[in-house]
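Peer 1: Next comes start28.cif, mmCIF, C-alpha atoms:
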data_work
loop_
_atom_site.label_atom_id
_atom_site.label_comp_id
_atom_site.auth_asym_id
_atom_site.auth_seq_id
_atom_site.Cartn_x
_atom_site.Cartn_y
_atom_site.Cartn_z
CA MET M 13 0.00 0.00 0.00
CA LYS M 14 1.53 3.30 -1.02
CA LYS M 15 2.06 5.67 1.87
CA LEU M 16 3.11 9.26 2.43
CA ALA M 17 5.21 10.63 5.27
CA VAL M 18 3.61 13.51 7.20
CA ARG M 19 5.06 15.64 9.97
CA ASN M 20 3.30 16.83 13.10
CA LEU M 21 4.76 20.25 13.74
CA ARG M 22 3.63 20.21 17.37
CA LEU M 23 5.97 17.30 18.01
CA CYS M 24 8.85 18.25 15.71
CA THR M 25 11.93 19.26 17.74
CA LYS M 26 13.98 20.25 14.67
CA ASP M 27 16.59 17.53 15.04
CA CYS M 28 16.46 17.43 11.26
CA LEU M 29 17.45 13.79 10.93
CA CYS M 30 14.81 13.55 8.24
CA LEU M 31 16.99 15.83 6.14
CA TYR M 32 19.89 13.41 6.49
CA VAL M 33 18.00 10.27 5.65
CA CYS M 34 15.36 11.20 3.07
CA PRO M 35 16.41 9.60 -0.22
CA THR M 36 14.52 12.12 -2.35
CA GLY M 37 14.79 15.42 -0.48
CA ALA M 38 11.05 15.44 0.22
CA THR M 39 11.57 16.58 3.83
CA ASP M 40 13.60 19.61 2.74
CA THR M 41 10.93 22.30 2.58
CA GLU M 42 10.59 25.71 4.17
CA ASN M 43 7.01 25.31 5.36
CA SER M 44 7.83 22.01 7.14
CA VAL M 45 5.27 20.08 5.07
CA ILE M 46 6.88 16.99 3.59
CA ASP M 47 6.59 17.36 -0.19
CA PRO M 48 4.03 14.77 -1.32
CA ALA M 49 5.28 15.01 -4.90
CA LYS M 50 8.74 13.83 -3.86
CA CYS M 51 7.91 11.46 -0.98
CA VAL M 52 8.20 7.79 -2.00
CA GLY M 53 6.74 6.53 1.28
CA CYS M 54 9.86 4.54 2.26
CA GLY M 55 9.40 5.46 5.95
CA VAL M 56 13.11 6.01 6.63
CA CYS M 57 12.43 9.52 8.02
CA ALA M 58 9.77 8.28 10.43
CA GLU M 59 12.16 5.64 11.78
CA ALA M 60 14.98 8.15 12.17
CA CYS M 61 12.93 10.94 13.80
CA PRO M 62 13.86 11.09 17.51
CA SER M 63 10.71 12.95 18.51
CA GLY M 64 8.26 10.68 16.72
CA ALA M 65 6.92 13.64 14.75
CA ILE M 66 6.69 11.85 11.42
CA SER M 67 4.11 9.22 10.62
CA LEU M 68 3.08 7.44 7.45
CA ILE M 69 -0.46 7.61 6.19
CA PRO M 70 -1.79 5.39 3.43
CA LEU M 71 -2.81 7.08 0.19
CA GLU M 72 -5.70 4.69 -0.22
CA MET M 73 -8.11 4.37 2.67
CA PRO M 74 -10.00 1.12 3.33
CA PRO M 75 -13.78 1.02 2.88
CA GLN M 76 -15.72 2.47 5.83
CA GLN M 77 -17.18 0.30 8.56
CA PRO M 78 -20.57 -1.07 7.54
CA LYS M 79 -23.68 0.63 8.96
CA THR M 80 -27.24 -0.64 9.19
CA GLU M 81 -30.04 1.47 7.70
CA GLU M 82 -31.61 1.67 11.15
CA ILE M 83 -28.53 3.21 12.76
CA LYS M 84 -27.98 5.55 9.82
CA GLY M 85 -31.57 6.76 10.03
CA LEU M 86 -31.52 7.27 13.80
CA LEU M 87 -28.22 9.12 13.74
CA ARG M 88 -29.30 11.35 10.90
CA ALA M 89 -32.55 12.23 12.66
CA PHE M 90 -30.58 12.99 15.82
CA ALA M 91 -28.08 15.07 13.84
CA ARG M 92 -30.90 17.13 12.38
CA ARG M 93 -32.24 17.99 15.82
CA ARG M 94 -28.74 18.93 16.98
CA THR M 95 -28.22 21.21 13.96
CA GLU M 96 -31.51 22.93 14.79
CA GLU M 97 -30.18 23.53 18.28
CA GLU M 98 -27.00 24.97 16.82
CA ALA M 99 -28.96 27.36 14.58
CA ALA M 100 -31.12 28.31 17.56
CA ALA M 101 -28.03 29.02 19.70
CA ARG M 102 -26.58 31.25 16.98
CA ARG M 103 -29.83 33.13 16.65
CA ILE M 104 -30.33 33.59 20.40
CA GLY M 105 -26.75 34.81 20.74
CA ARG M 106 -27.09 37.27 17.87
CA ALA M 107 -30.38 38.61 19.17
CA SER M 108 -29.20 39.13 22.76
CA GLU M 109 -27.33 42.08 24.18
CA LYS M 110 -26.33 40.23 27.33
CA GLU M 111 -22.66 39.41 27.13
CA GLY M 112 -22.88 36.26 29.24
CA LEU M 113 -25.69 34.80 27.16
CA ARG M 114 -23.90 35.65 23.94
CA LYS M 115 -20.83 33.78 25.12
CA LEU M 116 -22.84 30.84 26.38
CA MET M 117 -24.65 30.59 23.06
CA ALA M 118 -21.36 30.79 21.15
CA ALA M 119 -20.06 27.90 23.26
CA ALA M 120 -23.35 26.03 22.74
CA ALA M 121 -23.08 26.45 18.96
CA MET M 122 -19.47 25.20 18.97
CA SER M 123 -20.23 22.29 21.26
CA THR M 124 -23.35 21.23 19.39
CA ARG M 125 -21.56 21.41 16.05
CA LEU M 126 -18.77 19.13 17.28
CA VAL M 127 -21.24 16.59 18.63
CA THR M 128 -23.19 16.67 15.34
CA GLU M 129 -20.01 16.13 13.36
CA ASP M 130 -19.32 13.00 15.39
CA VAL M 131 -22.86 11.76 14.84
CA LEU M 132 -22.64 12.26 11.06
CA ARG M 133 -19.24 10.57 10.85
CA GLU M 134 -20.81 7.51 12.47
CA ALA M 135 -23.83 7.76 10.17
CA GLY M 136 -21.51 6.58 7.38
CA PHE M 137 -19.57 9.70 6.44
CA MET M 138 -16.25 9.22 8.19
CA LEU M 139 -13.88 9.51 5.26
CA PRO M 140 -13.80 12.54 2.95
CA GLN M 141 -12.75 10.28 0.07
CA CYS M 142 -15.51 7.67 0.44
CA PRO M 143 -18.07 7.14 -2.36
CA GLU M 144 -20.93 8.12 -0.01
CA VAL M 145 -19.48 11.63 0.29
CA ARG M 146 -18.81 11.88 -3.42
CA GLU M 147 -22.43 11.04 -4.14
CA ILE M 148 -23.64 13.93 -1.96
CA LEU M 149 -21.18 16.37 -3.51
CA GLU M 150 -22.08 15.33 -7.05
CA LYS M 151 -25.75 15.81 -6.31
CA LEU M 152 -24.99 19.33 -5.07
CA ALA M 153 -22.99 20.01 -8.21
CA ASP M 154 -25.95 18.86 -10.35
CA GLU M 155 -28.46 20.93 -8.41
CA PRO M 156 -26.79 23.87 -6.66
CA PRO M 157 -29.01 24.86 -3.70
CA ALA M 158 -28.91 28.63 -4.45
CA PRO M 159 -27.50 31.08 -7.01
CA ASP M 160 -24.77 32.26 -4.62
CA PHE M 161 -23.65 28.72 -3.76
CA PRO M 162 -19.84 28.45 -4.19
CA GLU M 163 -20.02 26.05 -7.12
CA GLU M 164 -16.45 26.60 -8.20
CA THR M 165 -15.16 25.51 -4.80
CA LEU M 166 -17.28 22.39 -5.04
CA TRP M 167 -15.92 21.55 -8.50
CA ARG M 168 -12.35 22.08 -7.40
CA LEU M 169 -12.99 19.83 -4.40
CA LEU M 170 -14.49 17.12 -6.62
CA GLY M 171 -11.42 17.36 -8.83
CA LYS M 172 -9.16 16.70 -5.85
CA LEU M 173 -11.11 13.81 -4.32
CA PRO M 174 -10.25 10.40 -5.80
CA MET M 175 -12.71 8.81 -8.20
CA PRO M 176 -14.08 5.54 -6.86
CA GLY M 177 -12.34 2.67 -8.66
CA GLY M 178 -9.92 5.11 -10.28
CA SER M 179 -6.17 5.15 -9.86
CA GLY M 180 -6.51 3.22 -6.62
CA GLU M 181 -7.03 -0.02 -8.53
CA LYS M 182 -3.37 -0.17 -9.53
CA LYS M 183 -1.19 -2.67 -7.76
CA GLU M 184 1.64 -1.72 -5.49
CA ILE M 185 5.03 -3.41 -5.98
CA SER M 186 8.01 -3.19 -3.66
CA TYR M 187 11.53 -3.28 -5.06
CA ARG M 188 14.87 -3.89 -3.42
CA CYS M 189 17.78 -2.01 -4.94
CA GLY M 190 20.64 -4.44 -5.69
CA VAL M 191 23.16 -1.59 -5.46
CA CYS M 192 22.36 0.28 -2.23
CA GLY M 193 19.86 -2.06 -0.59
CA LEU M 194 16.96 0.40 -0.30
CA VAL M 195 13.48 -1.10 -0.32
CA PHE M 196 10.93 1.19 -1.94
CA PRO M 197 7.38 0.89 -3.25
CA LEU M 198 6.18 1.71 -6.76
CA THR M 199 2.77 1.75 -8.32
CA GLU M 200 2.27 -0.64 -11.23
CA GLY M 201 3.18 1.02 -14.50
CA GLU M 202 5.88 3.34 -13.12
CA THR M 203 9.41 2.80 -14.41
CA PRO M 204 11.46 1.51 -11.49
CA GLU M 205 14.45 3.61 -10.51
CA CYS M 206 16.14 3.62 -7.10
CA PRO M 207 15.42 6.96 -5.40
CA VAL M 208 18.76 6.80 -3.55
CA CYS M 209 21.38 5.69 -6.03
CA GLY M 210 19.53 5.92 -9.31
CA ALA M 211 20.02 2.24 -10.20
CA LYS M 212 17.65 0.93 -12.88
CA GLY M 213 16.72 -2.18 -14.78
CA ASP M 214 17.92 -5.57 -13.57
CA LYS M 215 19.64 -4.01 -10.55
CA LEU M 216 16.18 -3.70 -9.01
CA LEU M 217 14.51 -6.81 -7.66
CA PRO M 218 10.74 -6.88 -7.31
CA LEU M 219 9.77 -8.34 -3.92
CA GLU M 220 6.86 -10.68 -3.34
CA ASN M 221 4.46 -8.88 -1.03
CA ALA M 222 3.85 -10.89 2.09
CA MET G 30 -22.23 5.45 49.49
CA LYS G 31 -20.03 6.63 46.60
CA TYR G 32 -21.43 8.94 43.96
CA ILE G 33 -20.19 9.23 40.38
CA CYS G 34 -20.26 12.28 38.12
CA GLN G 35 -22.18 11.44 34.96
CA VAL G 36 -20.19 13.98 32.96
CA CYS G 37 -16.56 13.14 33.77
CA GLY G 38 -16.66 9.99 35.90
CA TYR G 39 -15.25 11.62 39.06
CA VAL G 40 -16.15 9.51 42.10
CA TYR G 41 -17.11 11.30 45.33
CA ASP G 42 -16.37 9.31 48.47
CA GLY G 43 -16.85 11.44 51.58
CA GLY G 44 -17.00 8.43 53.90
CA GLU G 45 -18.88 8.75 57.17
CA GLU G 46 -17.69 12.32 57.87
CA ALA G 47 -18.91 13.98 54.68
CA PRO G 48 -21.60 11.88 53.01
CA PHE G 49 -22.78 13.05 49.59
CA ASP G 50 -26.15 14.15 50.98
CA SER G 51 -24.46 16.58 53.37
CA LEU G 52 -22.94 18.59 50.51
CA PRO G 53 -24.63 21.92 49.77
CA GLU G 54 -26.77 22.17 46.63
CA SER G 55 -24.25 24.64 45.18
CA TRP G 56 -21.48 22.03 45.39
CA LYS G 57 -19.89 21.22 42.02
CA CYS G 58 -17.80 18.41 40.62
CA PRO G 59 -14.18 19.39 41.40
CA LEU G 60 -13.02 17.98 38.07
CA CYS G 61 -15.50 19.18 35.48
CA GLY G 62 -17.73 21.67 37.29
CA ALA G 63 -20.94 19.66 36.81
CA PRO G 64 -23.62 20.47 39.41
CA LYS G 65 -24.45 18.11 42.27
CA GLY G 66 -27.58 16.97 40.44
CA GLU G 67 -25.50 15.32 37.71
CA PHE G 68 -24.13 12.78 40.22
CA LYS G 69 -25.72 9.39 40.79
CA PRO G 70 -24.98 6.57 43.23
CA GLN G 71 -22.08 4.59 41.82
CA GLU G 72 -23.67 1.17 42.20
CA ALA G 73 -27.06 2.25 40.91
CA ALA G 74 -28.90 0.26 38.30
CA PRO G 75 -29.07 1.89 34.85
CA PRO G 76 -31.61 4.72 34.92
CA ALA G 77 -35.18 3.93 34.00
CA GLY G 78 -35.90 4.42 30.32
CA THR G 79 -32.69 2.77 29.17
CA GLU G 80 -34.81 0.13 27.49
CA GLY G 81 -37.18 2.69 26.04
CA LYS G 82 -37.22 3.97 22.52
CA ALA G 83 -35.65 7.27 21.59
CA GLN G 84 -38.14 9.98 20.66
CA LEU G 85 -36.69 9.72 17.19
CA GLU G 86 -37.96 8.51 13.89
CA GLY G 87 -35.19 7.30 11.62
CA GLU G 88 -34.85 9.37 8.47
CA LEU G 89 -32.78 8.90 5.33
CA GLY G 90 -34.15 11.71 3.18
CA PRO G 91 -32.23 14.66 1.74
CA PHE G 92 -29.88 16.51 4.06
CA THR G 93 -30.84 19.89 5.49
CA ALA G 94 -28.51 22.89 5.14
CA GLY G 95 -27.62 22.54 8.83
CA GLN G 96 -26.67 18.89 8.35
CA LEU G 97 -24.60 19.73 5.27
CA ALA G 98 -22.80 22.42 7.28
CA ALA G 99 -21.81 19.93 9.97
CA LEU G 100 -21.00 17.26 7.36
CA CYS G 101 -18.68 19.60 5.47
CA SER G 102 -16.91 20.89 8.58
CA SER G 103 -16.45 17.30 9.74
CA LEU G 104 -15.01 16.26 6.38
CA GLY G 105 -12.75 19.32 6.43
CA ARG G 106 -11.37 18.04 9.71
CA GLY G 107 -10.97 14.61 8.11
CA CYS G 108 -8.85 16.17 5.34
CA GLU G 109 -6.82 18.17 7.85
CA LYS G 110 -5.94 15.01 9.75
CA GLN G 111 -4.67 13.50 6.51
CA TYR G 112 -2.66 16.68 5.86
CA LYS G 113 -4.79 17.53 2.82
CA ALA G 114 -4.82 21.28 3.42
CA GLU G 115 -6.36 22.31 0.12
CA GLU G 116 -9.30 19.90 0.33
CA ALA G 117 -9.78 20.92 3.97
CA GLY G 118 -10.05 24.55 2.89
CA PHE G 119 -12.68 23.71 0.25
CA PHE G 120 -14.78 21.75 2.74
CA ARG G 121 -14.54 24.59 5.27
CA GLU G 122 -15.71 27.09 2.66
CA LEU G 123 -18.73 24.92 1.85
CA ALA G 124 -19.41 24.46 5.59
CA ALA G 125 -19.41 28.24 6.11
CA TRP G 126 -21.87 28.70 3.26
CA PHE G 127 -24.26 26.06 4.62
CA THR G 128 -23.96 27.45 8.15
CA ALA G 129 -25.08 30.84 6.92
CA ALA G 130 -27.82 29.23 4.81
CA ALA G 131 -29.25 27.10 7.64
CA PRO G 132 -32.69 28.54 8.31
CA PRO G 133 -32.79 30.43 11.61
CA ALA G 134 -35.13 28.90 14.14
CA GLU G 135 -37.81 31.59 14.26
CA GLU G 136 -39.29 30.97 17.70
CA ALA G 137 -36.02 29.87 19.26
CA SER G 138 -35.56 30.96 22.85
CA ALA G 139 -33.12 29.97 25.55
CA GLU G 140 -36.00 28.06 27.17
CA SER G 141 -36.85 26.06 24.03
CA LEU G 142 -33.17 25.30 23.49
CA ALA G 143 -32.84 24.08 27.08
CA GLU G 144 -35.86 21.84 26.55
CA SER G 145 -34.40 20.38 23.36
CA LEU G 146 -31.08 19.67 25.10
CA ARG G 147 -32.89 17.87 27.93
CA ARG G 148 -34.63 15.75 25.32
CA ASP G 149 -31.22 14.89 23.77
CA VAL G 150 -29.85 13.81 27.14
CA ALA G 151 -32.92 11.65 27.66
CA ASP G 152 -32.56 10.10 24.19
CA TYR G 153 -28.92 9.05 24.47
CA PRO G 154 -29.50 5.77 26.38
CA ALA G 155 -31.94 4.57 23.71
CA LEU G 156 -29.53 5.57 20.92
CA ARG G 157 -26.80 3.70 22.74
CA ALA G 158 -29.02 0.64 23.11
CA ALA G 159 -29.78 0.70 19.36
CA ALA G 160 -26.05 0.97 18.58
CA ASP G 161 -25.25 -1.95 20.89
CA ALA G 162 -28.04 -4.05 19.40
CA ALA G 163 -26.65 -3.42 15.91
CA GLY G 164 -23.10 -4.22 17.08
CA ASP G 165 -22.04 -0.76 15.91
CA ARG G 166 -18.95 0.18 17.94
CA GLY G 167 -18.57 3.61 16.42
CA ALA G 168 -22.15 4.65 17.05
CA ALA G 169 -21.88 3.37 20.63
CA ARG G 170 -18.64 5.29 21.15
CA ILE G 171 -20.04 8.66 20.11
CA CYS G 172 -22.96 8.17 22.47
CA VAL G 173 -20.52 8.15 25.39
CA TRP G 174 -18.82 11.51 24.75
CA GLY G 175 -21.93 13.00 23.21
CA GLU G 176 -24.06 12.24 26.26
CA LYS G 177 -21.50 13.69 28.69
CA VAL G 178 -20.93 16.84 26.66
CA THR G 179 -24.65 17.40 26.13
CA ARG G 180 -25.41 16.75 29.81
CA MET G 181 -22.91 19.47 30.74
CA LEU G 182 -24.26 21.97 28.23
CA SER G 183 -27.82 21.22 29.27
CA SER G 184 -27.06 21.73 32.97
CA LEU G 185 -25.19 25.00 32.26
CA LEU G 186 -28.08 26.41 30.28
CA ASP G 187 -30.59 25.33 32.94
CA ARG G 188 -28.45 27.05 35.53
CA TYR G 189 -28.22 30.18 33.42
CA LEU G 190 -32.01 30.25 33.17
CA ARG G 191 -32.21 30.18 36.98
CA GLU G 192 -29.34 32.54 37.81
CA GLY G 193 -29.05 34.81 34.77
CA GLU G 194 -26.01 36.90 33.90
CA ALA G 195 -24.71 36.79 37.49
CA MET G 196 -23.65 33.18 36.85
CA LEU G 197 -21.13 34.28 34.23
CA GLU G 198 -19.90 37.56 35.65
CA GLY G 199 -16.12 37.85 35.38
CA GLN G 200 -15.93 34.35 33.90
CA GLU G 201 -14.87 33.06 30.52
CA ILE G 202 -16.52 30.19 28.70
CA TRP G 203 -14.40 27.58 26.98
CA ALA G 204 -15.33 24.77 24.60
CA CYS G 205 -13.12 21.74 23.96
CA SER G 206 -12.41 21.74 20.23
CA THR G 207 -12.23 17.95 20.22
CA CYS G 208 -15.36 16.76 22.08
CA GLY G 209 -17.34 19.97 22.68
CA PHE G 210 -17.19 19.92 26.51
CA VAL G 211 -18.06 23.39 27.87
CA TRP G 212 -16.17 24.78 30.86
CA ILE G 213 -16.62 28.00 32.82
CA GLY G 214 -13.58 29.59 34.43
CA GLU G 215 -10.81 32.12 34.05
CA ALA G 216 -8.65 29.62 32.17
CA PRO G 217 -9.41 26.29 30.48
CA PRO G 218 -8.82 23.08 32.49
CA GLU G 219 -5.40 21.43 32.17
CA LEU G 220 -7.04 18.37 30.66
CA CYS G 221 -10.49 18.06 29.15
CA PRO G 222 -12.48 16.13 31.81
CA VAL G 223 -14.37 14.26 29.08
CA CYS G 224 -11.89 13.50 26.28
CA LYS G 225 -8.56 14.25 28.05
CA VAL G 226 -6.98 16.55 25.47
CA PRO G 227 -4.66 19.30 26.84
CA ALA G 228 -5.69 22.89 27.62
CA TRP G 229 -4.54 24.36 24.30
CA LYS G 230 -7.30 22.40 22.56
CA PHE G 231 -9.89 24.62 24.27
CA GLU G 232 -11.35 27.62 22.45
CA LYS G 233 -12.66 30.67 24.23
CA ALA G 234 -16.25 31.56 23.40
CA GLU G 235 -16.41 35.17 22.30
CA GLY G 236 -19.32 37.50 22.90
CA GLY G 237 -19.97 37.51 19.17
CA VAL G 238 -21.15 34.24 17.62
CA LYS G 239 -18.60 32.41 15.49
CA ALA G 240 -19.59 31.59 11.91
#
Any chance you could give the structure as structure tokens?

Peer 2:
Amino acid sequence: MKKLAVRNLRLCTKDCLCLYVCPTGATDTENSVIDPAKCVGCGVCAEACPSGAISLIPLEMPPQQPKTEEIKGLLRAFARRRTEEEAAARRIGRASEKEGLRKLMAAAAMSTRLVTEDVLREAGFMLPQCPEVREILEKLADEPPAPDFPEETLWRLLGKLPMPGGSGEKKEISYRCGVCGLVFPLTEGETPECPVCGAKGDKLLPLENA
Amino acid sequence: MKYICQVCGYVYDGGEEAPFDSLPESWKCPLCGAPKGEFKPQEAAPPAGTEGKAQLEGELGPFTAGQLAALCSSLGRGCEKQYKAEEAGFFRELAAWFTAAAPPAEEASAESLAESLRRDVADYPALRAAADAAGDRGAARICVWGEKVTRMLSSLLDRYLREGEAMLEGQEIWACSTCGFVWIGEAPPELCPVCKVPAWKFEKAEGGVKA
């Protein structure tokens, strides 16, 4: 499974070992975000990082946990009531001139929103890249709810989210470099070349995935 | 008898010298600030109504603007966690649009909101029972935090309705940005009593309402 290294800036203690060990220079950026275009997902940086600030996340997520229609329906009904509470809290806060009540309603709106988000995630919308989410977004793109709806944002988002059954169908192959020993993954169809020493062709040995 | 806080799980054991019943009505949970009334005997049977049905009819129709707002902000968070900053930004923009588009509740009052929150608290055990019956771990899990957080919010609003602005004078209100737990005090707690994240995860509620 192809992975990408990501850095948690709250944990990073700037030991910069990732700079030493990254075979492609992906960790060498000024904004501290590991460059996804260069990262080959070899994981060497995560192993070397003394503060545990780097982790590897898979590019392809597994299907979501199955949900029964009954649970989905109950959670969605509950979520609707909670969103009505949130809208009520916003309105009460806006309409009031009492500072305490305004603050309490702001906190109520925040709190209720977070609880609703949790409820909707468990109603079958956990992953942004799942087909269930895409279906909702595509429906909105077909029938925008109002003239001032930010359609362009929606289209750009749809362009970034993976198509179901798209590129993800390609197989992942790991290679061991016969020259420097690095093990690195490649997606089927890519021309193998060692990211460390540049070895190609029969110097690279495809590994059987366990 | 020991008493347990239904919001954060703190156990009060005053022994013979300071039994729970001897505490004044204004006494609060030292950990999360929940009022005395949110405590129950630790060995008590599950509250009546656990077996009952939630006052909820399942629904799978089209989403409302309010639901789409929460869905989009949730998915934005999901992108953020995967370090997909651009997608996160798009989702947040959509969430902001839907939040503004969610129809305002015309007759909403602090009293009607308090009533709705009490209904939520009462419905959680039945939701939990349905999740358990379906073997749905995730749905069961969110009932745990959700019930605690909602219980706290509900009791704070009820208290505000009794005491008014005096309750909040010179105080700040904080909401945990992970679970939604609401805390009143000069500074946020060191750890969220419900979900245990550190103080920096708390956001201060401002007098203006956040979009």

Peer 1: Using all atoms listed in the file, find the one residue out of M:Thr203, M:Glu96, M:Leu194, M:Gln141 that sits nearest to G:Ser141.

Peer 2: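 Among M:Thr203, M:Glu96, M:Leu194, M:Gln141, it is M:Glu96 that comes nearest to G:Ser141.
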
Peer 1: Compile the contact shell of G:Cys221 as a list in words: residues with an atom at most 12 Å away, counting all atoms listed in the file, same-chain residues fewer than 5 positions apart removed.

Peer 2: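 These residues fall inside the cut-off: Val36, Cys37, Leu60, Cys61, Gly62, Trp174, Lys177, Val178, Trp203, Ala204, Cys205, Ser206, Thr207, Cys208, Gly209, Phe210, Val211, Trp212, Val226, Pro227, Ala228, Trp229, Lys230, Phe231 and Glu232 of chain G.
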
Peer 1: Against chain M, which residues of chain G fall within 7 Å? For each one I want the closest pair of atoms and the distance in Å (one decimal), counting all atoms listed in the file, rows by chain and increasing residue number, as a Markdown table.

Peer 2:
| residue | atom | partner | partner_atom | distance |
| --- | --- | --- | --- | --- |
| G:Leu85 | CA | M:Ala89 | CA | 6.6 |
| G:Glu86 | CA | M:Leu86 | CA | 6.6 |
| G:Gly87 | CA | M:Gly85 | CA | 4.0 |
| G:Glu88 | CA | M:Gly85 | CA | 4.5 |
| G:Leu89 | CA | M:Gly85 | CA | 5.3 |
| G:Gly95 | CA | M:Thr95 | CA | 5.3 |
| G:Gln96 | CA | M:Arg92 | CA | 6.1 |
| G:Ala99 | CA | M:Glu129 | CA | 5.4 |
| G:Leu100 | CA | M:Glu129 | CA | 6.2 |
| G:Ser103 | CA | M:Glu129 | CA | 5.2 |
| G:Leu104 | CA | M:Pro140 | CA | 5.2 |
| G:Gly107 | CA | M:Pro140 | CA | 6.2 |
| G:Cys108 | CA | M:Pro140 | CA | 6.6 |
| G:Glu116 | CA | M:Leu169 | CA | 6.0 |
| G:Phe119 | CA | M:Thr165 | CA | 5.9 |
| G:Ala131 | CA | M:Ala99 | CA | 7.0 |
| G:Pro133 | CA | M:Ala99 | CA | 5.7 |
| G:Ala134 | CA | M:Ala100 | CA | 5.3 |
| G:Ala137 | CA | M:Ala100 | CA | 5.4 |
| G:Ser138 | CA | M:Ile104 | CA | 6.3 |
| G:Ala139 | CA | M:Ile104 | CA | 6.9 |
| G:Leu142 | CA | M:Glu97 | CA | 6.3 |
| G:Ala160 | CA | M:Ile83 | CA | 6.7 |
| G:Gly167 | CA | M:Glu134 | CA | 6.0 |
| G:Ala168 | CA | M:Glu134 | CA | 5.6 |
| G:Ile171 | CA | M:Asp130 | CA | 6.5 |
| G:Gly175 | CA | M:Val127 | CA | 5.9 |
| G:Leu182 | CA | M:Ala120 | CA | 6.9 |
| G:Glu194 | CA | M:Gly112 | CA | 5.6 |
| G:Leu197 | CA | M:Gly112 | CA | 5.6 |
| G:Ile202 | CA | M:Lys115 | CA | 6.7 |
| G:Trp203 | CA | M:Ala119 | CA | 6.8 |
| G:Ala204 | CA | M:Ala119 | CA | 5.8 |
| G:Cys208 | CA | M:Leu126 | CA | 6.3 |
| G:Gly209 | CA | M:Ser123 | CA | 4.0 |
| G:Phe210 | CA | M:Ser123 | CA | 6.5 |
| G:Val211 | CA | M:Ala119 | CA | 6.8 |
| G:Ala234 | CA | M:Ala119 | CA | 5.3 |
| G:Glu235 | CA | M:Lys115 | CA | 5.4 |
| G:Gly236 | CA | M:Lys115 | CA | 4.6 |
| G:Gly237 | CA | M:Arg114 | CA | 6.5 |
| G:Val238 | CA | M:Ala118 | CA | 4.9 |
| G:Lys239 | CA | M:Ala118 | CA | 6.5 |

Peer 1: Got time to write the residues from that selection, C-alpha atoms, as a PDB file, keeping the file's coordinate frame?

Peer 2:
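As a result, result-v1.pdb now contains:
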ATOM      1  CA  LEU G  85     -36.690   9.720  17.190  1.00  0.00           C
ATOM      2  CA  GLU G  86     -37.960   8.510  13.890  1.00  0.00           C
ATOM      3  CA  GLY G  87     -35.190   7.300  11.620  1.00  0.00           C
ATOM      4  CA  GLU G  88     -34.850   9.370   8.470  1.00  0.00           C
ATOM      5  CA  LEU G  89     -32.780   8.900   5.330  1.00  0.00           C
ATOM      6  CA  GLY G  95     -27.620  22.540   8.830  1.00  0.00           C
ATOM      7  CA  GLN G  96     -26.670  18.890   8.350  1.00  0.00           C
ATOM      8  CA  ALA G  99     -21.810  19.930   9.970  1.00  0.00           C
ATOM      9  CA  LEU G 100     -21.000  17.260   7.360  1.00  0.00           C
ATOM     10  CA  SER G 103     -16.450  17.300   9.740  1.00  0.00           C
ATOM     11  CA  LEU G 104     -15.010  16.260   6.380  1.00  0.00           C
ATOM     12  CA  GLY G 107     -10.970  14.610   8.110  1.00  0.00           C
ATOM     13  CA  CYS G 108      -8.850  16.170   5.340  1.00  0.00           C
ATOM     14  CA  GLU G 116      -9.300  19.900   0.330  1.00  0.00           C
ATOM     15  CA  PHE G 119     -12.680  23.710   0.250  1.00  0.00           C
ATOM     16  CA  ALA G 131     -29.250  27.100   7.640  1.00  0.00           C
ATOM     17  CA  PRO G 133     -32.790  30.430  11.610  1.00  0.00           C
ATOM     18  CA  ALA G 134     -35.130  28.900  14.140  1.00  0.00           C
ATOM     19  CA  ALA G 137     -36.020  29.870  19.260  1.00  0.00           C
ATOM     20  CA  SER G 138     -35.560  30.960  22.850  1.00  0.00           C
ATOM     21  CA  ALA G 139     -33.120  29.970  25.550  1.00  0.00           C
ATOM     22  CA  LEU G 142     -33.170  25.300  23.490  1.00  0.00           C
ATOM     23  CA  ALA G 160     -26.050   0.970  18.580  1.00  0.00           C
ATOM     24  CA  GLY G 167     -18.570   3.610  16.420  1.00  0.00           C
ATOM     25  CA  ALA G 168     -22.150   4.650  17.050  1.00  0.00           C
ATOM     26  CA  ILE G 171     -20.040   8.660  20.110  1.00  0.00           C
ATOM     27  CA  GLY G 175     -21.930  13.000  23.210  1.00  0.00           C
ATOM     28  CA  LEU G 182     -24.260  21.970  28.230  1.00  0.00           C
ATOM     29  CA  GLU G 194     -26.010  36.900  33.900  1.00  0.00           C
ATOM     30  CA  LEU G 197     -21.130  34.280  34.230  1.00  0.00           C
ATOM     31  CA  ILE G 202     -16.520  30.190  28.700  1.00  0.00           C
ATOM     32  CA  TRP G 203     -14.400  27.580  26.980  1.00  0.00           C
ATOM     33  CA  ALA G 204     -15.330  24.770  24.600  1.00  0.00           C
ATOM     34  CA  CYS G 208     -15.360  16.760  22.080  1.00  0.00           C
ATOM     35  CA  GLY G 209     -17.340  19.970  22.680  1.00  0.00           C
ATOM     36  CA  PHE G 210     -17.190  19.920  26.510  1.00  0.00           C
ATOM     37  CA  VAL G 211     -18.060  23.390  27.870  1.00  0.00           C
ATOM     38  CA  ALA G 234     -16.250  31.560  23.400  1.00  0.00           C
ATOM     39  CA  GLU G 235     -16.410  35.170  22.300  1.00  0.00           C
ATOM     40  CA  GLY G 236     -19.320  37.500  22.900  1.00  0.00           C
ATOM     41  CA  GLY G 237     -19.970  37.510  19.170  1.00  0.00           C
ATOM     42  CA  VAL G 238     -21.150  34.240  17.620  1.00  0.00           C
ATOM     43  CA  LYS G 239     -18.600  32.410  15.490  1.00  0.00           C
TER      44      LYS G 239
END
